[in-house]
>>> print(open('my_file_38.cif').read())   # mmCIF, C-alpha atoms and all ligand atoms
data_query
#
loop_
_atom_site.label_atom_id
_atom_site.label_comp_id
_atom_site.auth_asym_id
_atom_site.auth_seq_id
_atom_site.Cartn_x
_atom_site.Cartn_y
_atom_site.Cartn_z
CA MET G 198 98.09 214.57 63.27
CA PRO G 199 98.06 218.06 61.74
CA LYS G 200 99.99 218.72 58.55
CA HIS G 201 103.76 219.09 58.62
CA VAL G 202 105.12 222.31 57.11
CA LYS G 203 106.73 220.15 54.40
CA GLU G 204 103.24 219.30 53.11
CA LEU G 205 102.36 222.93 52.35
CA ALA G 206 102.86 224.73 49.04
CA VAL G 207 104.43 228.01 50.12
CA GLN G 208 106.26 229.40 47.10
CA GLY G 209 105.60 233.11 46.78
CA LYS G 210 103.42 233.07 49.91
CA GLN G 211 103.63 235.13 53.10
CA VAL G 212 103.93 232.62 55.94
CA PHE G 213 103.09 233.60 59.51
CA VAL G 214 105.26 231.52 61.86
CA ARG G 215 104.50 231.52 65.59
CA THR G 216 107.87 230.86 67.23
CA ASP G 217 108.94 230.69 70.85
CA TYR G 218 111.54 233.41 71.28
CA ASN G 219 111.01 233.76 75.01
CA VAL G 220 114.76 233.82 75.62
CA PRO G 221 116.81 235.24 78.50
CA LEU G 222 118.33 238.71 78.02
CA ASP G 223 121.02 240.41 80.15
CA ALA G 224 120.76 243.95 81.58
CA GLU G 225 122.06 245.42 78.30
CA GLY G 226 119.41 243.54 76.33
CA ASN G 227 121.77 240.96 74.82
CA VAL G 228 120.48 237.44 74.26
CA THR G 229 122.28 235.22 76.80
CA ASP G 230 120.95 231.89 75.52
CA ASP G 231 119.94 231.54 71.88
CA PHE G 232 118.90 227.87 72.14
CA ARG G 233 115.31 228.65 71.18
CA ILE G 234 116.34 230.90 68.28
CA ARG G 235 118.57 228.15 66.89
CA ALA G 236 115.78 225.63 67.40
CA SER G 237 113.52 227.71 65.11
CA LEU G 238 115.98 227.74 62.18
CA PRO G 239 114.98 224.50 60.41
CA THR G 240 111.45 225.79 59.77
CA ILE G 241 112.57 229.28 58.78
CA GLU G 242 115.30 228.04 56.45
CA TYR G 243 112.96 225.49 54.88
CA LEU G 244 110.35 228.18 54.15
CA LEU G 245 112.93 230.57 52.69
CA ASP G 246 114.36 227.79 50.50
CA GLN G 247 110.86 227.14 49.20
CA GLY G 248 110.54 230.77 48.08
CA ALA G 249 108.29 232.02 50.86
CA SER G 250 108.57 235.20 52.89
CA VAL G 251 108.46 234.65 56.62
CA ILE G 252 106.71 236.66 59.31
CA LEU G 253 107.86 235.66 62.79
CA ALA G 254 105.78 236.33 65.88
CA SER G 255 106.57 235.57 69.50
CA HIS G 256 106.10 236.77 73.04
CA LEU G 257 108.92 237.62 75.42
CA GLY G 258 108.43 237.75 79.18
CA ARG G 259 105.23 238.92 80.79
CA PRO G 260 104.63 242.57 79.86
CA LYS G 261 100.91 242.03 80.56
CA GLY G 262 99.63 244.28 77.80
CA ALA G 263 102.06 247.16 78.42
CA VAL G 264 104.81 248.27 76.05
CA ILE G 265 107.98 247.55 78.04
CA PRO G 266 111.08 248.45 76.00
CA GLU G 267 113.23 245.93 77.92
CA MET G 268 110.96 243.20 76.56
CA SER G 269 111.26 244.22 72.92
CA LEU G 270 112.02 241.51 70.39
CA ALA G 271 114.51 243.80 68.61
CA PRO G 272 117.59 242.09 70.15
CA ILE G 273 116.19 238.73 69.09
CA ALA G 274 115.76 239.96 65.50
CA SER G 275 119.41 241.07 65.58
CA ARG G 276 120.59 237.71 66.89
CA LEU G 277 118.50 235.92 64.27
CA ALA G 278 120.08 238.06 61.54
CA GLU G 279 123.48 236.70 62.63
CA LEU G 280 122.28 233.11 62.43
CA VAL G 281 120.34 233.11 59.17
CA GLN G 282 121.38 233.89 55.59
CA ALA G 283 118.52 236.27 54.89
CA GLU G 284 117.48 239.86 55.32
CA VAL G 285 115.75 240.33 58.68
CA LEU G 286 113.41 243.31 59.10
CA PHE G 287 111.83 244.35 62.38
CA ALA G 288 108.28 245.65 62.81
CA PRO G 289 107.56 248.19 65.56
CA ASP G 290 104.36 246.36 66.56
CA SER G 291 102.61 243.07 65.86
CA VAL G 292 99.40 244.53 64.36
CA GLY G 293 98.26 247.76 62.70
CA SER G 294 98.60 249.49 59.35
CA GLU G 295 102.36 250.03 59.50
CA VAL G 296 102.94 246.33 60.16
CA GLU G 297 100.47 245.40 57.42
CA THR G 298 102.41 247.50 54.90
CA LEU G 299 105.70 245.94 55.97
CA ALA G 300 104.19 242.44 55.63
CA GLU G 301 102.65 243.24 52.21
CA ASN G 302 105.97 244.49 50.85
CA LEU G 303 107.95 241.56 52.16
CA LYS G 304 109.70 239.72 49.31
CA PRO G 305 110.38 235.99 49.06
CA GLY G 306 113.51 235.20 51.02
CA GLN G 307 112.97 238.02 53.52
CA ILE G 308 112.02 237.77 57.18
CA LEU G 309 109.92 240.17 59.20
CA VAL G 310 110.09 239.85 63.00
CA LEU G 311 107.06 241.33 64.75
CA GLU G 312 107.31 243.17 68.08
CA ASN G 313 106.38 241.31 71.29
CA LEU G 314 102.84 239.93 70.94
CA ARG G 315 102.18 240.39 74.65
CA PHE G 316 102.51 244.18 74.38
CA HIS G 317 98.79 243.61 73.66
CA ALA G 318 96.75 242.05 76.47
CA ALA G 319 94.52 240.69 73.69
CA GLU G 320 97.18 238.08 72.90
CA THR G 321 96.86 236.08 76.12
CA GLN G 322 93.08 236.69 76.15
CA ASN G 323 92.86 234.85 72.83
CA ASP G 324 90.90 237.88 71.61
CA PRO G 325 89.16 237.16 68.26
CA GLU G 326 89.74 240.67 66.88
CA PHE G 327 93.44 240.49 67.63
CA SER G 328 93.68 237.01 66.04
CA LYS G 329 91.99 238.37 62.93
CA LYS G 330 94.39 241.31 62.67
CA LEU G 331 97.39 238.99 63.00
CA ALA G 332 95.91 236.68 60.36
CA THR G 333 95.60 239.48 57.79
CA LEU G 334 99.40 239.63 57.64
CA ALA G 335 99.85 236.29 55.87
CA ASP G 336 98.48 233.60 53.53
CA VAL G 337 99.67 230.55 55.44
CA PHE G 338 100.03 229.74 59.15
CA VAL G 339 102.75 227.64 60.74
CA ASN G 340 103.06 227.01 64.45
CA ASP G 341 106.54 226.14 65.65
CA ALA G 342 106.26 227.37 69.25
CA PHE G 343 106.30 224.34 71.49
CA GLY G 344 106.99 226.38 74.64
CA THR G 345 103.53 228.00 74.49
CA ALA G 346 101.60 225.11 72.98
CA HIS G 347 99.88 224.42 76.33
CA ARG G 348 98.33 227.91 76.28
CA ALA G 349 95.35 229.00 74.17
CA HIS G 350 96.35 232.45 72.95
CA ALA G 351 95.43 234.61 69.95
CA SER G 352 98.61 233.86 67.99
CA ASN G 353 98.54 230.09 68.38
CA VAL G 354 94.84 229.18 68.75
CA GLY G 355 92.50 232.04 67.75
CA ILE G 356 94.45 232.82 64.60
CA VAL G 357 94.34 229.29 63.21
CA SER G 358 90.73 229.24 62.03
CA HIS G 359 91.46 232.14 59.67
CA PHE G 360 93.73 230.00 57.52
CA GLU G 361 92.97 227.37 54.93
CA GLU G 362 96.63 226.36 54.86
CA LYS G 363 98.23 225.62 58.24
CA ALA G 364 100.77 223.24 59.67
CA ALA G 365 103.16 222.44 62.46
CA GLY G 366 106.81 223.40 61.98
CA PHE G 367 109.82 221.11 62.31
CA LEU G 368 110.39 221.91 66.00
CA LEU G 369 106.80 221.48 67.14
CA MET G 370 106.52 218.16 65.28
CA LYS G 371 109.84 216.92 66.63
CA GLU G 372 108.91 217.78 70.21
CA ILE G 373 105.53 216.08 69.97
CA GLU G 374 106.91 213.00 68.26
CA PHE G 375 109.73 212.55 70.79
CA LEU G 376 107.66 213.14 73.88
CA VAL G 377 104.55 211.23 72.80
CA LYS G 378 106.58 208.29 71.49
CA THR G 379 108.64 208.19 74.67
CA ILE G 380 105.65 207.87 76.87
CA GLU G 381 103.52 205.69 74.62
CA SER G 382 106.03 203.13 73.41
CA PRO G 383 109.39 203.47 75.17
CA ALA G 384 112.23 201.00 74.71
CA ARG G 385 112.44 199.30 78.10
CA PRO G 386 113.52 199.51 80.83
CA PHE G 387 112.04 203.02 80.89
CA THR G 388 113.39 205.13 83.76
CA VAL G 389 112.13 208.50 84.87
CA VAL G 390 114.31 210.79 86.95
CA MET G 391 112.25 213.43 88.70
CA GLY G 392 113.45 216.34 90.80
CA GLY G 393 112.94 220.02 91.43
CA SER G 394 111.47 221.68 94.43
CA LYS G 395 107.85 220.67 94.41
CA VAL G 396 105.47 217.78 94.03
CA SER G 397 102.63 220.17 93.18
CA GLY G 398 102.66 220.94 89.49
CA LYS G 399 103.83 217.40 88.76
CA ILE G 400 100.83 215.52 90.10
CA ASP G 401 99.31 214.51 86.77
CA LEU G 402 102.71 213.58 85.49
CA LEU G 403 103.56 211.36 88.47
CA LYS G 404 100.23 209.56 88.18
CA ARG G 405 100.72 208.86 84.49
CA LEU G 406 104.35 207.82 84.91
CA ALA G 407 103.39 205.31 87.57
CA ASP G 408 101.39 203.67 84.77
CA VAL G 409 104.12 203.53 82.16
CA ALA G 410 107.59 203.66 83.75
CA ASP G 411 109.67 200.73 85.00
CA ASN G 412 111.71 202.86 87.40
CA ILE G 413 110.98 206.23 88.97
CA LEU G 414 113.95 207.86 90.68
CA ILE G 415 113.06 210.88 92.78
CA GLY G 416 115.58 213.48 93.96
CA GLY G 417 115.48 217.23 94.59
CA GLY G 418 113.29 218.93 97.15
CA MET G 419 110.26 216.87 96.15
CA ALA G 420 111.90 213.70 97.48
CA PHE G 421 111.41 214.94 101.05
CA THR G 422 107.63 215.03 100.74
CA PHE G 423 107.81 211.39 99.67
CA LEU G 424 110.28 210.45 102.41
CA SER G 425 108.08 211.96 105.11
CA ALA G 426 104.89 210.34 103.75
CA PRO G 427 103.49 207.07 105.14
CA PRO G 428 104.55 204.30 105.06
CA LEU G 429 108.11 205.74 105.12
CA ASN G 430 107.53 208.41 107.78
CA HIS G 431 111.10 209.73 107.82
CA ASN G 432 112.05 212.73 109.88
CA VAL G 433 113.60 215.00 107.24
CA GLY G 434 114.68 217.91 109.45
CA SER G 435 113.99 221.30 107.88
CA SER G 436 113.99 219.98 104.31
CA LEU G 437 111.31 221.16 101.93
CA VAL G 438 108.08 219.27 102.62
CA GLU G 439 104.70 220.11 101.12
CA GLU G 440 102.38 219.08 103.92
CA ASP G 441 99.33 219.23 101.66
CA ARG G 442 100.92 216.79 99.20
CA ILE G 443 101.89 214.09 101.69
CA GLN G 444 98.73 212.09 101.06
CA PHE G 445 99.30 212.28 97.33
CA ALA G 446 102.90 211.08 97.81
CA SER G 447 101.60 208.12 99.84
CA ASP G 448 99.16 207.31 97.05
CA VAL G 449 101.97 207.35 94.48
CA ILE G 450 104.05 205.03 96.66
CA ASP G 451 101.07 202.63 96.89
CA LEU G 452 100.37 202.89 93.17
CA CYS G 453 103.99 202.06 92.31
CA LEU G 454 103.89 199.08 94.67
CA ALA G 455 100.66 197.85 93.11
CA LYS G 456 101.95 198.25 89.54
CA GLY G 457 105.40 196.83 90.22
CA VAL G 458 107.13 200.13 89.44
CA ASN G 459 110.51 200.47 91.11
CA LEU G 460 110.23 203.78 93.00
CA VAL G 461 113.61 204.84 94.39
CA LEU G 462 114.08 207.65 96.89
CA PRO G 463 117.35 209.10 98.24
CA SER G 464 119.08 207.24 101.05
CA ASP G 465 121.53 210.05 101.73
CA CYS G 466 121.89 213.76 101.03
CA ILE G 467 124.10 216.82 101.20
CA ALA G 468 122.69 218.75 104.12
CA SER G 469 123.16 222.29 105.34
CA ARG G 470 121.59 224.80 107.68
CA GLU G 471 121.77 227.51 105.01
CA ILE G 472 121.13 227.80 101.31
CA LYS G 473 124.01 229.98 100.12
CA GLU G 474 126.94 229.83 97.78
CA ASP G 475 129.56 229.47 100.56
CA ALA G 476 127.50 227.10 102.75
CA GLN G 477 129.21 224.06 104.25
CA GLY G 478 127.40 220.97 103.02
CA GLN G 479 127.72 217.74 105.02
CA GLU G 480 126.92 214.32 103.63
CA LEU G 481 124.44 212.43 105.80
CA PRO G 482 122.07 209.49 105.62
CA ILE G 483 118.48 210.73 105.44
CA ARG G 484 117.76 209.32 108.91
CA ALA G 485 120.50 211.57 110.39
CA LEU G 486 118.79 214.82 109.34
CA GLU G 487 118.45 216.84 112.53
CA ASP G 488 115.74 219.40 112.97
CA ASP G 489 117.56 222.45 111.60
CA LEU G 490 119.24 220.66 108.69
CA MET G 491 117.92 220.77 105.11
CA GLY G 492 118.68 218.16 102.47
CA LEU G 493 119.80 220.19 99.45
CA ASP G 494 121.32 217.60 97.13
CA ILE G 495 121.46 213.83 96.76
CA GLY G 496 124.48 212.14 98.36
CA HIS G 497 126.99 209.67 96.88
CA ARG G 498 125.11 206.51 97.82
CA THR G 499 121.97 207.79 96.13
CA ARG G 500 123.91 208.89 93.04
CA LYS G 501 125.43 205.40 92.83
CA SER G 502 122.09 203.63 93.09
CA PHE G 503 120.43 206.02 90.57
CA ASN G 504 123.37 205.57 88.19
CA SER G 505 123.30 201.78 88.30
CA ILE G 506 119.61 201.84 87.30
CA LEU G 507 120.35 204.37 84.55
CA ASP G 508 123.10 202.10 83.22
CA GLU G 509 120.52 199.36 82.63
CA SER G 510 117.88 201.66 81.07
CA LYS G 511 116.99 201.92 77.40
CA THR G 512 114.87 205.08 77.67
CA VAL G 513 115.34 207.84 80.25
CA LEU G 514 113.21 210.89 80.86
CA TRP G 515 114.73 213.51 83.16
CA ASN G 516 112.72 216.31 84.67
CA GLY G 517 113.98 218.49 87.51
CA PRO G 518 117.33 218.97 89.28
CA MET G 519 118.53 216.66 92.07
CA GLY G 520 119.42 219.58 94.32
CA VAL G 521 119.91 223.32 94.48
CA PHE G 522 122.21 223.02 91.47
CA GLU G 523 122.46 226.80 91.08
CA MET G 524 124.88 226.81 94.04
CA THR G 525 128.28 225.10 94.02
CA PRO G 526 127.94 223.11 97.28
CA PHE G 527 124.69 221.51 96.08
CA GLN G 528 125.33 220.98 92.36
CA GLU G 529 127.15 217.64 92.30
CA GLY G 530 124.12 215.34 92.38
CA THR G 531 122.53 217.06 89.38
CA LYS G 532 125.89 217.08 87.61
CA ALA G 533 126.34 213.34 88.23
CA ILE G 534 122.94 212.58 86.67
CA ALA G 535 123.65 214.87 83.71
CA GLU G 536 127.00 213.15 83.12
CA LYS G 537 125.44 209.71 83.38
CA LEU G 538 122.77 210.68 80.84
CA CYS G 539 125.45 211.76 78.38
CA GLU G 540 127.39 208.54 78.95
CA ILE G 541 124.41 206.25 78.35
CA THR G 542 123.27 208.27 75.32
CA LYS G 543 126.58 207.32 73.67
CA LYS G 544 125.79 203.68 74.37
CA GLY G 545 122.45 203.93 72.56
CA THR G 546 119.98 204.84 75.31
CA THR G 547 117.32 207.37 74.32
CA THR G 548 117.59 210.27 76.78
CA ILE G 549 114.97 212.99 76.90
CA VAL G 550 115.31 216.09 79.04
CA GLY G 551 112.14 218.03 79.84
CA GLY G 552 112.85 221.76 79.49
CA GLY G 553 113.23 224.32 82.23
CA ASP G 554 115.67 223.67 85.07
CA SER G 555 117.06 220.36 83.81
CA ALA G 556 117.92 221.98 80.48
CA ALA G 557 119.49 224.90 82.39
CA ALA G 558 121.54 222.41 84.43
CA LEU G 559 122.83 220.67 81.30
CA LYS G 560 123.89 224.04 79.99
CA LYS G 561 125.56 225.03 83.26
CA PHE G 562 127.67 221.84 83.16
CA LYS G 563 128.38 222.38 79.46
CA LEU G 564 126.67 219.10 78.64
CA ASP G 565 123.87 220.50 76.46
CA GLY G 566 123.65 218.72 73.15
CA CYS G 567 124.86 215.37 74.50
CA VAL G 568 121.42 213.90 75.22
CA THR G 569 119.02 212.60 72.56
CA HIS G 570 116.48 215.39 72.93
CA THR G 571 116.19 218.47 75.10
CA SER G 572 112.72 219.92 75.06
CA THR G 573 112.35 223.65 74.43
CA GLY G 574 109.24 223.85 76.60
CA GLY G 575 109.04 223.17 80.33
CA GLY G 576 105.30 223.55 81.02
CA ALA G 577 104.27 222.25 77.60
CA SER G 578 106.42 219.13 77.90
CA LEU G 579 105.06 218.40 81.39
CA GLU G 580 101.47 218.68 80.16
CA LEU G 581 102.08 216.61 77.06
CA LEU G 582 103.82 213.87 79.06
CA SER G 583 100.96 213.96 81.54
CA GLY G 584 98.56 213.09 78.73
CA ILE G 585 96.97 216.55 78.54
CA LYS G 586 96.14 217.72 75.02
CA LEU G 587 97.97 220.88 73.92
CA PRO G 588 95.41 223.44 72.65
CA ALA G 589 97.74 224.95 70.06
CA PHE G 590 98.49 221.56 68.56
CA GLU G 591 94.84 220.53 68.59
CA ALA G 592 93.85 223.80 66.87
CA LEU G 593 96.10 222.94 63.92
CA LYS G 594 94.02 219.84 63.24
CA GLY G 595 90.77 221.81 62.81
CA ALA G 596 89.16 223.01 59.59
CA LYS G 597 88.94 226.68 58.62
P1 LIG W 1 110.83 223.16 90.08
O1 LIG W 1 110.53 224.55 89.66
O2 LIG W 1 109.83 222.54 90.99
O3 LIG W 1 111.22 222.26 88.91
O4 LIG W 1 112.15 223.26 90.98
C1 LIG W 1 113.41 223.71 90.53
C2 LIG W 1 114.16 224.25 91.70
O5 LIG W 1 114.23 223.27 92.71
C3 LIG W 1 115.60 224.64 91.45
O6 LIG W 1 115.69 226.03 91.43
C4 LIG W 1 116.37 224.04 92.62
O7 LIG W 1 117.23 224.96 93.25
C5 LIG W 1 115.27 223.63 93.58
N1 LIG W 1 115.64 222.48 94.41
C6 LIG W 1 116.16 221.31 94.02
N2 LIG W 1 116.40 220.52 95.07
C7 LIG W 1 116.03 221.20 96.17
C8 LIG W 1 116.04 220.89 97.56
N3 LIG W 1 116.50 219.72 98.02
N4 LIG W 1 115.56 221.82 98.40
C9 LIG W 1 115.08 222.99 97.94
N5 LIG W 1 115.05 223.34 96.64
C10 LIG W 1 115.52 222.44 95.76
#
>>> encode(input="my_file_38.cif", output="structure tokens", more="lines below")
Ligand code: AMP
Amino acid sequence: MPKHVKELAVQGKQVFVRTDYNVPLDAEGNVTDDFRIRASLPTIEYLLDQGASVILASHLGRPKGAVIPEMSLAPIASRLAELVQAEVLFAPDSVGSEVETLAENLKPGQILVLENLRFHAAETQNDPEFSKKLATLADVFVNDAFGTAHRAHASNVGIVSHFEEKAAGFLLMKEIEFLVKTIESPARPFTVVMGGSKVSGKIDLLKRLADVADNILIGGGMAFTFLSAPPLNHNVGSSLVEEDRIQFASDVIDLCLAKGVNLVLPSDCIASREIKEDAQGQELPIRALEDDLMGLDIGHRTRKSFNSILDESKTVLWNGPMGVFEMTPFQEGTKAIAEKLCEITKKGTTTIVGGGDSAAALKKFKLDGCVTHTSTGGGASLELLSGIKLPAFEALKGAK
């Protein structure tokens, strides 16, 4: 394991902290969800308490090397200033002489937020010159950006070799510990609830889970690729099916059978001919899906069977919504799972929610905070759970 930030001596030092402030903004540039900003506070507050000055760097959106004012980190610096008891300064860029002067003059207890790293294409190219320029700003490096840990960029990989003193922050460590522990030594029964639109993108994860889980419950659009795959061969109407993943779905079904994993697919669904907010959903068994009907949520029978397995579980990992939860007629299945997760968490079950859409669903139903751990990184958590090493985390282990 790399060092934890608590193991570093930082008094009087300038500490460069890579955070993940890729947060949603509204049309006026206000932060609409500050979950990731709040999640960065333990590391920042710890460093300030230790007498360090803190330089925060992040990307926001995909400006692809262009300076796009709507993707400025200025609103994030303002929001941070409301959350933290410290002076927050904002730099007009992430590198260059002006930023260097601001960083040099930063006093212990102060924070400097750099402008969006991705205003420079060099950031995502992991450009050595750009890494070097970023590194000149500080004495110590801390990575606390789990959301980008699966990417090798200048600010989380290239930069690291320039520092003698480097560590993972509280958030990055917590994410890794939770997710790795969950998959390597879960309290059993260990149940995985998978959903979302597609099987592709979750192939490595499904393979690995078939090795470690006791139950795999599949809902969402991806269930229909499984339902139409041999040996099940259901007609699923116009539901989402990835033809080129049918063979893979069959292999997963076989693998689960061979390993004794209880793979559960929906037996009923909320179906409609249209995906829209005022659509009329009808509840049907899967076998009743006619050609122009799409399954857009799990039905009551499926919810009941998923819930009874969840009631018996000691560890649950949830990744992906059970239906098109963004729309009222198709949100109930996802809501039922979210509510069940909250209920079993209170009874002592460890519940982990992979980031992205499942985290957004919890928030929509005002249930965020009631599970054991909600990951701040969608892609990074999927890769980590799939057994893929995260380059930014690995880089922290290396020597200067
Ligand atoms: P993903 O990006 O693969 O995790 O998928 C998330 C998206 O899947 C959400 O935006 C949902 O609206 C969508 N989704 C969930 N269930 C279905 C379904 N049955 N049919 C089509 N889309 C779905």
>>> atom_distance(input="my_file_38.cif", atom1="atom CA of Glu474 of chain G", atom2="atom CA of Glu523 of chain G")
8.6 Å
>>> atom_distance(input="my_file_38.cif", atom1="atom CA of Ile234 of chain G", atom2="atom CA of Phe327 of chain G")
24.8 Å
>>> closest_residue(input="my_file_38.cif", among="G:Lys304, G:His347, G:Arg233, G:Lys501", to="Ala592 of chain G", atoms="only C-alpha atoms")
G:His347
>>> residues_around(input="my_file_38.cif", residues="segment 354-363 of chain G", least_positions_apart="2", cutoff="10 Å", atoms="all atoms listed in the file", output="MDAnalysis selection string")
chainID G and resid 199:202 204:207 212:214 320 322:333 335:340 346 348:352 365:366 588:597
>>> residues_near_ligand(input="my_file_38.cif", ligand="ligand LIG 1 (chain W)", cutoff="9 Å", atoms="only C-alpha atoms and all ligand atoms", output="ChimeraX atom specification")
/G:391-399,416-421,436-438,466-468,472,491-495,516-524,527,531,553-555,575
>>> axis_aligned_box(input="my_file_38.cif", around="segment 406-422 of chain G", padding_each_side="6 Å", output="JSON")
{"center_x": 108.5, "center_y": 209.8, "center_z": 91.6, "size_x": 26.2, "size_y": 30.2, "size_z": 30.9}
>>> residues_around(input="my_file_38.cif", residues="Lys544 of chain G", least_positions_apart="6", cutoff="12 Å", atoms="all atoms listed in the file", output="list of chain:residue names")
G:Leu507, G:Asp508, G:Glu509, G:Ser510, G:Lys511, G:Thr512, G:Lys537, G:Leu538, G:Cys567, G:Val568, G:Thr569
>>> closest_residue(input="my_file_38.cif", among="G:Leu579, G:Leu559, G:Ile273, G:Leu286", to="Thr229 of chain G", atoms="all atoms listed in the file")
G:Ile273
>>> residues_around(input="my_file_38.cif", residues="Gln282 of chain G", least_positions_apart="2", cutoff="12 Å", atoms="only C-alpha atoms", output="PyMOL selection string")
chain G and resi 238+241-243+245-246+276-280+284-285+306-308
>>> atom_distance(input="my_file_38.cif", atom1="atom CA of Ala384 of chain G", atom2="atom CA of Pro239 of chain G")
27.6 Å
>>> closest_atom_pairs(input="my_file_38.cif", of="segment 498-595 of chain G", to="segment 372-382 of chain G", cutoff="12 Å", atoms="all atoms listed in the file", output="tab-separated table")
residue	atom	partner	partner_atom	distance
G:Lys511	CA	G:Thr379	CA	10.8
G:Thr512	CA	G:Thr379	CA	7.6
G:Val513	CA	G:Thr379	CA	8.7
G:Leu514	CA	G:Thr379	CA	8.2
G:Trp515	CA	G:Leu376	CA	11.7
G:Thr546	CA	G:Thr379	CA	11.8
G:Thr547	CA	G:Thr379	CA	8.7
G:Thr548	CA	G:Thr379	CA	9.4
G:Ile549	CA	G:Leu376	CA	7.9
G:Val550	CA	G:Leu376	CA	9.7
G:Gly551	CA	G:Leu376	CA	8.9
G:Gly552	CA	G:Glu372	CA	10.8
G:Thr569	CA	G:Phe375	CA	9.5
G:His570	CA	G:Phe375	CA	7.6
G:Thr571	CA	G:Glu372	CA	8.8
G:Ser572	CA	G:Glu372	CA	6.5
G:Thr573	CA	G:Glu372	CA	8.0
G:Gly574	CA	G:Glu372	CA	8.8
G:Gly575	CA	G:Glu372	CA	11.5
G:Ala577	CA	G:Glu372	CA	9.8
G:Ser578	CA	G:Leu376	CA	7.3
G:Leu579	CA	G:Leu376	CA	9.5
G:Glu580	CA	G:Leu376	CA	10.4
G:Leu581	CA	G:Val377	CA	7.3
G:Leu582	CA	G:Leu376	CA	6.5
G:Ser583	CA	G:Ile380	CA	9.0
G:Gly584	CA	G:Val377	CA	8.6
G:Ile585	CA	G:Val377	CA	10.9
G:Lys586	CA	G:Ile373	CA	10.8
G:Leu587	CA	G:Ile373	CA	9.8
G:Ala589	CA	G:Ile373	CA	11.8
G:Phe590	CA	G:Ile373	CA	9.0
G:Glu591	CA	G:Ile373	CA	11.7
>>> residues_around(input="my_file_38.cif", residues="Ala318 of chain G", least_positions_apart="2", cutoff="8 Å", atoms="all atoms listed in the file", output="ChimeraX atom specification")
/G:261-263,315-316,320-322
>>> write_last_selection(input="my_file_38.cif", atoms="C-alpha atoms", output="compact mmCIF listing (two decimals), in the frame of the given file")
# COMPACT_ATOMS: atom_id res chain seq x y z
CA LYS G 261 100.91 242.03 80.56
CA GLY G 262 99.63 244.28 77.80
CA ALA G 263 102.06 247.16 78.42
CA ARG G 315 102.18 240.39 74.65
CA PHE G 316 102.51 244.18 74.38
CA GLU G 320 97.18 238.08 72.90
CA THR G 321 96.86 236.08 76.12
CA GLN G 322 93.08 236.69 76.15
>>> residues_around(input="my_file_38.cif", residues="Ala426 of chain G", least_positions_apart="5", cutoff="8 Å", atoms="only C-alpha atoms", output="list in words")
His431, Ile443, Gln444, Ala446 and Ser447 of chain G
>>> closest_residue(input="my_file_38.cif", among="G:Val228, G:Val251, G:Val220, G:Ala558", to="Val310 of chain G", atoms="only C-alpha atoms")
G:Val251
